[in-house]
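Colleague: Structure file start.cif (mmCIF, C-alpha atoms) right here:
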data_model
#
loop_
_atom_site.label_atom_id
_atom_site.label_comp_id
_atom_site.auth_asym_id
_atom_site.auth_seq_id
_atom_site.Cartn_x
_atom_site.Cartn_y
_atom_site.Cartn_z
CA MET A 1 128.08 151.68 164.28
CA THR A 2 131.48 153.40 164.44
CA HIS A 3 132.39 153.27 160.73
CA ASP A 4 136.11 153.04 161.54
CA LEU A 5 138.60 152.99 158.70
CA PRO A 6 140.01 149.50 158.13
CA HIS A 7 143.68 148.86 158.86
CA GLU A 8 144.23 147.75 155.25
CA ARG A 9 142.75 150.49 153.09
CA THR A 10 143.20 152.24 149.76
CA ALA A 11 142.68 155.82 148.66
CA VAL A 12 142.28 156.82 145.03
CA VAL A 13 144.08 160.06 144.17
CA THR A 14 143.34 161.60 140.78
CA GLY A 15 145.88 163.84 139.08
CA ALA A 16 148.84 162.56 141.12
CA ALA A 17 151.27 162.08 138.24
CA SER A 18 152.52 165.68 138.05
CA PRO A 19 155.84 165.97 139.94
CA ARG A 20 154.96 169.50 141.15
CA GLY A 21 151.27 168.96 141.82
CA ILE A 22 149.16 168.74 144.95
CA GLY A 23 148.09 165.20 144.05
CA ARG A 24 151.63 163.84 144.21
CA VAL A 25 152.18 165.23 147.70
CA VAL A 26 148.78 163.98 148.88
CA ALA A 27 149.53 160.49 147.57
CA GLU A 28 152.93 160.40 149.28
CA GLN A 29 151.54 161.58 152.61
CA LEU A 30 148.69 159.08 152.50
CA LEU A 31 151.20 156.28 151.88
CA ARG A 32 153.23 157.46 154.88
CA ASP A 33 150.00 157.48 156.92
CA GLY A 34 149.40 153.81 156.20
CA TRP A 35 147.14 153.98 153.16
CA SER A 36 147.67 152.14 149.90
CA VAL A 37 147.19 154.51 146.99
CA GLY A 38 145.65 154.14 143.56
CA VAL A 39 146.82 156.86 141.17
CA ILE A 40 144.52 157.84 138.30
CA ASP A 41 145.89 160.22 135.69
CA LEU A 42 145.13 161.03 132.06
CA ASP A 43 148.61 159.76 131.12
CA ALA A 44 148.73 156.03 131.92
CA ASP A 45 152.52 155.80 131.70
CA ALA A 46 152.95 158.81 133.96
CA ALA A 47 150.48 157.32 136.46
CA ALA A 48 152.36 154.02 136.54
CA THR A 49 155.72 155.77 136.90
CA ALA A 50 154.42 158.01 139.68
CA ALA A 51 152.96 155.06 141.57
CA ALA A 52 156.19 153.09 141.30
CA GLY A 53 158.23 156.03 142.54
CA LEU A 54 155.87 156.70 145.43
CA ALA A 55 155.92 153.06 146.50
CA GLU A 56 159.72 152.99 146.40
CA ALA A 57 160.03 156.24 148.36
CA THR A 58 157.58 155.25 151.11
CA GLY A 59 157.66 151.46 151.22
CA GLY A 60 153.90 151.44 150.70
CA ARG A 61 151.65 149.91 148.07
CA ALA A 62 150.69 152.04 145.06
CA HIS A 63 149.29 151.28 141.64
CA GLY A 64 148.80 153.69 138.75
CA VAL A 65 146.29 153.59 135.90
CA GLY A 66 145.30 155.92 133.10
CA ALA A 67 141.83 157.38 132.54
CA ASP A 68 140.11 160.46 131.24
CA ILE A 69 137.99 161.29 134.28
CA SER A 70 135.24 162.71 132.07
CA ASP A 71 134.80 159.27 130.44
CA PRO A 72 132.59 156.98 132.59
CA ASP A 73 133.76 153.76 130.94
CA ALA A 74 137.44 154.66 131.35
CA VAL A 75 136.88 155.55 135.00
CA ALA A 76 134.98 152.34 135.70
CA HIS A 77 137.78 150.28 134.16
CA ALA A 78 140.45 152.21 136.09
CA VAL A 79 138.74 151.79 139.45
CA ASP A 80 138.03 148.12 138.78
CA THR A 81 141.74 147.64 138.08
CA LEU A 82 142.75 149.39 141.29
CA GLU A 83 140.32 147.31 143.35
CA GLN A 84 141.85 144.13 141.99
CA ALA A 85 145.38 145.29 142.82
CA LEU A 86 144.96 146.95 146.21
CA PRO A 87 143.16 146.66 149.61
CA PRO A 88 139.55 147.87 150.15
CA LEU A 89 138.84 151.21 148.56
CA VAL A 90 137.61 153.65 151.22
CA GLY A 91 139.27 156.96 150.33
CA LEU A 92 139.13 159.41 147.43
CA ALA A 93 140.98 162.67 146.83
CA ASN A 94 139.78 164.36 143.64
CA ILE A 95 142.77 166.49 142.69
CA ALA A 96 142.78 166.32 138.88
CA GLY A 97 141.78 169.55 137.20
CA ILE A 98 142.57 171.97 134.39
CA SER A 99 142.95 175.74 134.36
CA SER A 100 141.39 178.34 132.09
CA PRO A 101 142.84 181.86 131.82
CA THR A 102 140.65 182.83 128.82
CA PRO A 103 138.76 186.13 129.36
CA TYR A 104 134.99 185.72 129.49
CA LEU A 105 134.20 187.74 126.36
CA GLU A 106 136.65 185.57 124.39
CA LEU A 107 135.39 182.30 125.86
CA SER A 108 134.19 179.64 123.40
CA LEU A 109 131.46 177.15 124.23
CA ASP A 110 133.95 174.34 123.66
CA GLU A 111 136.27 175.76 126.34
CA TRP A 112 133.34 176.23 128.73
CA ARG A 113 132.33 172.59 128.24
CA ARG A 114 135.92 171.37 128.63
CA GLN A 115 136.22 173.08 131.99
CA ILE A 116 132.90 171.77 133.27
CA ASP A 117 133.55 168.27 131.90
CA VAL A 118 136.87 167.87 133.72
CA ASN A 119 136.55 170.08 136.80
CA LEU A 120 132.95 169.20 137.74
CA THR A 121 131.49 166.32 135.75
CA GLY A 122 134.74 164.34 136.00
CA VAL A 123 134.70 164.64 139.77
CA HIS A 124 131.11 163.35 139.80
CA ILE A 125 132.01 160.38 137.59
CA VAL A 126 134.95 159.29 139.74
CA THR A 127 133.12 159.96 142.99
CA GLN A 128 130.02 157.99 142.06
CA ARG A 129 132.05 154.93 141.04
CA VAL A 130 134.24 155.04 144.14
CA ALA A 131 131.32 155.79 146.47
CA ARG A 132 129.58 152.62 145.34
CA SER A 133 132.55 150.66 146.66
CA MET A 134 132.64 152.70 149.86
CA VAL A 135 129.00 151.84 150.53
CA THR A 136 129.85 148.14 150.46
CA HIS A 137 132.53 148.77 153.10
CA GLN A 138 130.23 151.08 155.15
CA VAL A 139 132.94 153.72 155.50
CA GLY A 140 134.67 156.30 153.32
CA ARG A 141 136.46 159.62 153.05
CA ILE A 142 135.95 161.91 150.04
CA VAL A 143 137.81 165.19 149.63
CA ASN A 144 137.23 167.47 146.65
CA ILE A 145 139.31 170.46 145.64
CA SER A 146 137.51 173.74 145.05
CA SER A 147 139.37 177.05 144.91
CA ILE A 148 139.58 180.59 146.20
CA SER A 149 138.64 181.38 142.61
CA ALA A 150 135.14 180.06 143.36
CA GLN A 151 134.92 182.08 146.57
CA ARG A 152 136.10 185.35 145.04
CA GLY A 153 134.86 184.94 141.47
CA GLY A 154 138.31 184.51 139.94
CA GLY A 155 141.14 186.91 140.63
CA THR A 156 143.94 184.34 140.54
CA PHE A 157 144.91 182.76 137.20
CA SER A 158 141.83 180.93 135.92
CA LYS A 159 138.69 182.79 135.08
CA THR A 160 134.92 182.27 134.71
CA PRO A 161 134.39 178.62 133.67
CA TYR A 162 136.96 177.39 136.19
CA SER A 163 135.35 179.46 138.94
CA ALA A 164 131.90 178.17 137.98
CA ALA A 165 133.02 174.54 138.04
CA LYS A 166 134.81 174.93 141.36
CA ALA A 167 131.80 176.67 142.90
CA GLY A 168 129.66 173.78 141.67
CA LEU A 169 131.92 171.38 143.55
CA VAL A 170 130.95 172.99 146.84
CA GLY A 171 127.24 172.28 146.34
CA PHE A 172 128.01 168.85 144.90
CA THR A 173 130.15 167.85 147.88
CA ARG A 174 127.64 169.02 150.46
CA ALA A 175 124.85 167.17 148.65
CA ILE A 176 126.73 163.87 148.55
CA ALA A 177 127.73 164.35 152.20
CA ARG A 178 124.02 164.48 152.99
CA GLU A 179 123.16 161.42 150.87
CA LEU A 180 126.13 159.24 151.82
CA GLY A 181 126.48 160.02 155.51
CA GLU A 182 124.33 157.09 156.59
CA TYR A 183 126.95 154.75 155.10
CA GLY A 184 129.77 156.16 157.21
CA ILE A 185 131.09 158.27 154.31
CA THR A 186 132.25 161.84 154.86
CA ALA A 187 132.65 164.36 152.05
CA ASN A 188 134.54 167.63 152.42
CA ILE A 189 136.04 170.41 150.35
CA VAL A 190 139.44 172.09 150.47
CA SER A 191 139.68 175.49 148.78
CA PRO A 192 143.29 176.52 148.13
CA GLY A 193 144.47 180.02 147.40
CA PRO A 194 147.39 180.61 145.03
CA ILE A 195 149.65 177.57 145.23
CA ASP A 196 152.94 177.24 143.37
CA THR A 197 151.94 174.46 140.96
CA ASP A 198 151.79 174.20 137.18
CA ILE A 199 148.00 174.74 137.14
CA MET A 200 148.82 178.40 137.79
CA GLY A 201 150.19 178.64 134.25
CA GLY A 202 153.61 177.23 135.03
CA ARG A 203 156.15 177.93 137.73
CA LEU A 204 155.33 181.24 139.43
CA SER A 205 157.73 184.12 138.78
CA GLU A 206 158.91 186.22 141.70
CA GLU A 207 156.77 189.10 140.40
CA ARG A 208 153.60 186.98 140.39
CA LYS A 209 154.42 185.63 143.84
CA GLU A 210 154.81 189.14 145.21
CA GLY A 211 151.43 190.12 143.79
CA PHE A 212 149.67 187.22 145.52
CA ILE A 213 151.58 187.67 148.78
CA ALA A 214 150.56 191.32 148.98
CA GLU A 215 146.92 190.21 149.39
CA GLN A 216 147.63 187.60 152.08
CA LEU A 217 147.99 187.70 155.85
CA VAL A 218 150.65 184.98 155.79
CA LYS A 219 153.43 186.53 153.74
CA ARG A 220 154.48 183.62 151.55
CA ILE A 221 153.08 181.68 148.63
CA GLY A 222 151.30 178.42 149.33
CA THR A 223 152.87 175.04 148.63
CA PRO A 224 151.34 171.66 147.70
CA SER A 225 152.29 170.45 151.20
CA ASP A 226 150.09 173.14 152.76
CA VAL A 227 147.07 171.84 150.87
CA ALA A 228 147.98 168.18 151.37
CA ALA A 229 148.01 168.68 155.14
CA ALA A 230 144.32 169.64 155.10
CA ILE A 231 143.35 166.89 152.66
CA THR A 232 145.11 164.09 154.52
CA PHE A 233 143.66 165.22 157.85
CA LEU A 234 140.13 165.11 156.41
CA MET A 235 140.84 161.57 155.17
CA SER A 236 142.07 160.38 158.56
CA GLN A 237 140.24 158.47 161.28
CA ARG A 238 140.38 161.60 163.43
CA ALA A 239 138.18 163.52 160.98
CA GLY A 240 135.28 161.06 161.04
CA PHE A 241 132.86 163.60 162.53
CA ILE A 242 133.67 166.33 160.00
CA THR A 243 131.60 166.39 156.83
CA ALA A 244 130.18 168.91 154.33
CA GLU A 245 132.86 171.42 155.37
CA ASN A 246 134.87 173.76 153.13
CA ILE A 247 138.33 174.40 154.52
CA SER A 248 140.21 177.36 153.04
CA VAL A 249 143.98 177.06 152.66
CA ASN A 250 144.87 180.49 151.37
CA GLY A 251 147.12 182.33 153.82
CA GLY A 252 144.25 184.61 154.80
CA GLN A 253 143.69 185.98 151.29
CA TYR A 254 139.96 185.29 151.59
CA MET A 255 137.78 185.05 154.69
CA GLY A 256 134.31 183.65 154.34
#
Step by step, read the file and then write its structure as structure tokens.
Modeller:
Amino acid sequence: MTHDLPHERTAVVTGAASPRGIGRVVAEQLLRDGWSVGVIDLDADAAATAAAGLAEATGGRAHGVGADISDPDAVAHAVDTLEQALPPLVGLANIAGISSPTPYLELSLDEWRRQIDVNLTGVHIVTQRVARSMVTHQVGRIVNISSISAQRGGGTFSKTPYSAAKAGLVGFTRAIARELGEYGITANIVSPGPIDTDIMGGRLSEERKEGFIAEQLVKRIGTPSDVAAAITFLMSQRAGFITAENISVNGGQYMG
């Protein structure tokens, strides 16, 4: 069995409503690559607006829905809605996430739980629901976003709970790659370094950029397009024999 991607196919992209985020660029590139795209974001209006704008810009099919990814019922409803509106669901890019710059000794249990709920448990909830549909189609592509923060133990903007959640995603993704491979589903990780998005605490100042660039081999700050290139490749037909891999997109800031 070849497990080829169908000609008519849909990818769910979480966190694609932010105009400056990685998710928006991933969604646009997938549309240009022939996918239909289902946008899931916490803000339903923003998701719908983003999907409409993406469809207009690319000529593709996109539909946006709102859901808190840490809420299983909300996720189930959102994915059900996307399946009714779009072609078979065989792709998933888990981009949604939140940052946490709180120092460890000042960290509350509520903040710890918030980070784990969104950045790890939320990815599980969305992935499990989408993977059940992928199994029925006997093919799928899942890409999860970890971080150089998990590889280095912080050192960027977010600190301990973010790093812990993103490190957990690596083990999670490799485990589901093992369990789902027999259904033609691949699961991979992309670990960005510092990227100029709002999750870094807002638009990066020139001073902050210079600090990050000093640690890198490629002397510029990363962009959402740099990360999207890796994600969309892993979701392509060409990447069907790549699974359980962690691809670093960090300008050489970390090697491992």
Colleague: For range 187-194 of chain A, please output as a compact mmCIF listing (two decimals) with C-alpha atoms, in the coordinates of the input all residues within 9 Å (counting only C-alpha atoms; exclusion window: fewer than 5 positions along the same chain).
Modeller:
# COMPACT_ATOMS: atom_id res chain seq x y z
CA GLY A 140 134.67 156.30 153.32
CA ARG A 141 136.46 159.62 153.05
CA ILE A 142 135.95 161.91 150.04
CA VAL A 143 137.81 165.19 149.63
CA ASN A 144 137.23 167.47 146.65
CA ILE A 145 139.31 170.46 145.64
CA SER A 146 137.51 173.74 145.05
CA SER A 147 139.37 177.05 144.91
CA ILE A 148 139.58 180.59 146.20
CA SER A 149 138.64 181.38 142.61
CA ALA A 150 135.14 180.06 143.36
CA GLN A 151 134.92 182.08 146.57
CA THR A 156 143.94 184.34 140.54
CA PHE A 157 144.91 182.76 137.20
CA LYS A 166 134.81 174.93 141.36
CA LEU A 169 131.92 171.38 143.55
CA VAL A 170 130.95 172.99 146.84
CA THR A 173 130.15 167.85 147.88
CA ARG A 174 127.64 169.02 150.46
CA ALA A 175 124.85 167.17 148.65
CA ILE A 176 126.73 163.87 148.55
CA ALA A 177 127.73 164.35 152.20
CA ARG A 178 124.02 164.48 152.99
CA LEU A 180 126.13 159.24 151.82
CA GLY A 181 126.48 160.02 155.51
CA MET A 200 148.82 178.40 137.79
CA LYS A 209 154.42 185.63 143.84
CA PHE A 212 149.67 187.22 145.52
CA ILE A 221 153.08 181.68 148.63
CA GLY A 222 151.30 178.42 149.33
CA THR A 223 152.87 175.04 148.63
CA ASP A 226 150.09 173.14 152.76
CA VAL A 227 147.07 171.84 150.87
CA ALA A 230 144.32 169.64 155.10
CA ILE A 231 143.35 166.89 152.66
CA LEU A 234 140.13 165.11 156.41
CA ILE A 242 133.67 166.33 160.00
CA THR A 243 131.60 166.39 156.83
CA ALA A 244 130.18 168.91 154.33
CA GLU A 245 132.86 171.42 155.37
CA ASN A 246 134.87 173.76 153.13
CA ILE A 247 138.33 174.40 154.52
CA SER A 248 140.21 177.36 153.04
CA VAL A 249 143.98 177.06 152.66
CA ASN A 250 144.87 180.49 151.37
CA GLY A 251 147.12 182.33 153.82
CA GLY A 252 144.25 184.61 154.80
CA GLN A 253 143.69 185.98 151.29
CA TYR A 254 139.96 185.29 151.59
Colleague: Work out how far apart CA of Leu42 in chain A and CA of Ile95 in chain A are and give it in Å to one decimal.
Modeller: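 Calculated distance between CA of Leu42 in chain A and CA of Ile95 in chain A is 12.2 Å.
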Colleague: Using only C-alpha atoms, can you tell me which of A:Val90, A:Val26, A:Ala74, A:Val12 comes closest to Thr186 in chain A?
Modeller: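 With only C-alpha atoms as the atom set, the closest residue is A:Val90.
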Colleague: Can you pull out every residue within 9 Å of Gly59 in chain A, counting only C-alpha atoms, but drop anything in the same chain fewer than 3 positions away, and send it as a short mmCIF file (atom, residue, chain, number, x, y, z; two decimals) with C-alpha atoms, in the frame of the given file?
Modeller:
data_model
loop_
_atom_site.label_atom_id
_atom_site.label_comp_id
_atom_site.auth_asym_id
_atom_site.auth_seq_id
_atom_site.Cartn_x
_atom_site.Cartn_y
_atom_site.Cartn_z
CA LEU A 31 151.20 156.28 151.88
CA ARG A 32 153.23 157.46 154.88
CA LEU A 54 155.87 156.70 145.43
CA ALA A 55 155.92 153.06 146.50
CA GLU A 56 159.72 152.99 146.40
#
Colleague: So, counting only C-alpha atoms, which residue among A:Thr2, A:Gly97, A:Asp80, A:Ala62 is closest to Thr14 in chain A?
Modeller: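 Smallest separation from Thr14 in chain A among the options: A:Gly97.
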Colleague: What is the distance, in Å and to one decimal place, between CA of Asp43 in chain A and CA of His77 in chain A?
Modeller: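 Between CA of Asp43 in chain A and CA of His77 in chain A the gap works out to 14.7 Å.
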Colleague: Taking all atoms listed in the file into account, name the residue in A:Ile98, A:Val79, A:Leu109, A:Ala167 that is nearest to Ala131 in chain A.
Modeller: A:Val79
Colleague: How would range 7-18 of chain A look with all heavy atoms restored, written as a short mmCIF file (atom, residue, chain, number, x, y, z; two decimals), in the frame of the given file?
Modeller:
data_model
loop_
_atom_site.label_atom_id
_atom_site.label_comp_id
_atom_site.auth_asym_id
_atom_site.auth_seq_id
_atom_site.Cartn_x
_atom_site.Cartn_y
_atom_site.Cartn_z
N HIS A 7 142.22 148.77 158.79
CA HIS A 7 143.68 148.86 158.86
C HIS A 7 144.29 148.78 157.46
O HIS A 7 145.21 149.54 157.12
CB HIS A 7 144.24 147.73 159.75
CG HIS A 7 145.74 147.72 159.81
ND1 HIS A 7 146.45 148.71 160.46
CD2 HIS A 7 146.64 146.85 159.30
CE1 HIS A 7 147.74 148.45 160.35
NE2 HIS A 7 147.89 147.34 159.65
N GLU A 8 143.79 147.85 156.65
CA GLU A 8 144.23 147.75 155.25
C GLU A 8 143.23 148.53 154.40
O GLU A 8 142.07 148.15 154.30
CB GLU A 8 144.28 146.28 154.82
CG GLU A 8 145.33 145.45 155.55
CD GLU A 8 146.73 145.79 155.10
OE1 GLU A 8 146.90 146.18 153.92
OE2 GLU A 8 147.67 145.67 155.92
N ARG A 9 143.69 149.59 153.78
CA ARG A 9 142.75 150.49 153.09
C ARG A 9 143.46 151.19 151.93
O ARG A 9 144.66 151.40 151.96
CB ARG A 9 142.18 151.52 154.05
CG ARG A 9 143.23 152.43 154.67
CD ARG A 9 142.66 153.24 155.82
NE ARG A 9 143.63 154.21 156.34
CZ ARG A 9 144.55 153.94 157.26
NH1 ARG A 9 144.64 152.73 157.77
NH2 ARG A 9 145.38 154.89 157.67
N THR A 10 142.67 151.57 150.95
CA THR A 10 143.20 152.24 149.76
C THR A 10 142.47 153.55 149.53
O THR A 10 141.25 153.64 149.70
CB THR A 10 143.03 151.35 148.51
OG1 THR A 10 143.82 150.17 148.68
CG2 THR A 10 143.48 152.08 147.25
N ALA A 11 143.24 154.55 149.11
CA ALA A 11 142.68 155.82 148.66
C ALA A 11 143.02 156.01 147.19
O ALA A 11 144.17 155.80 146.78
CB ALA A 11 143.25 156.98 149.47
N VAL A 12 142.04 156.41 146.41
CA VAL A 12 142.28 156.82 145.03
C VAL A 12 142.63 158.30 145.03
O VAL A 12 141.95 159.11 145.68
CB VAL A 12 141.04 156.57 144.16
CG1 VAL A 12 141.20 157.22 142.78
CG2 VAL A 12 140.79 155.08 144.00
N VAL A 13 143.69 158.65 144.33
CA VAL A 13 144.08 160.06 144.17
C VAL A 13 144.15 160.35 142.68
O VAL A 13 144.95 159.75 141.96
CB VAL A 13 145.44 160.35 144.83
CG1 VAL A 13 145.78 161.84 144.69
CG2 VAL A 13 145.43 159.95 146.30
N THR A 14 143.30 161.23 142.20
CA THR A 14 143.34 161.60 140.78
C THR A 14 144.33 162.74 140.58
O THR A 14 144.52 163.58 141.46
CB THR A 14 141.95 162.03 140.27
OG1 THR A 14 141.56 163.26 140.88
CG2 THR A 14 140.91 160.96 140.55
N GLY A 15 144.96 162.76 139.41
CA GLY A 15 145.88 163.84 139.08
C GLY A 15 147.16 163.83 139.90
O GLY A 15 147.72 164.89 140.17
N ALA A 16 147.65 162.64 140.26
CA ALA A 16 148.84 162.56 141.12
C ALA A 16 150.12 162.33 140.35
O ALA A 16 151.16 162.10 140.96
CB ALA A 16 148.65 161.46 142.16
N ALA A 17 150.08 162.38 139.02
CA ALA A 17 151.27 162.08 138.24
C ALA A 17 152.21 163.28 138.11
O ALA A 17 153.41 163.11 137.93
CB ALA A 17 150.89 161.57 136.85
N SER A 18 151.68 164.49 138.21
CA SER A 18 152.52 165.68 138.05
C SER A 18 153.53 165.80 139.18
O SER A 18 153.14 165.81 140.36
CB SER A 18 151.65 166.94 138.01
OG SER A 18 152.47 168.10 138.03
#
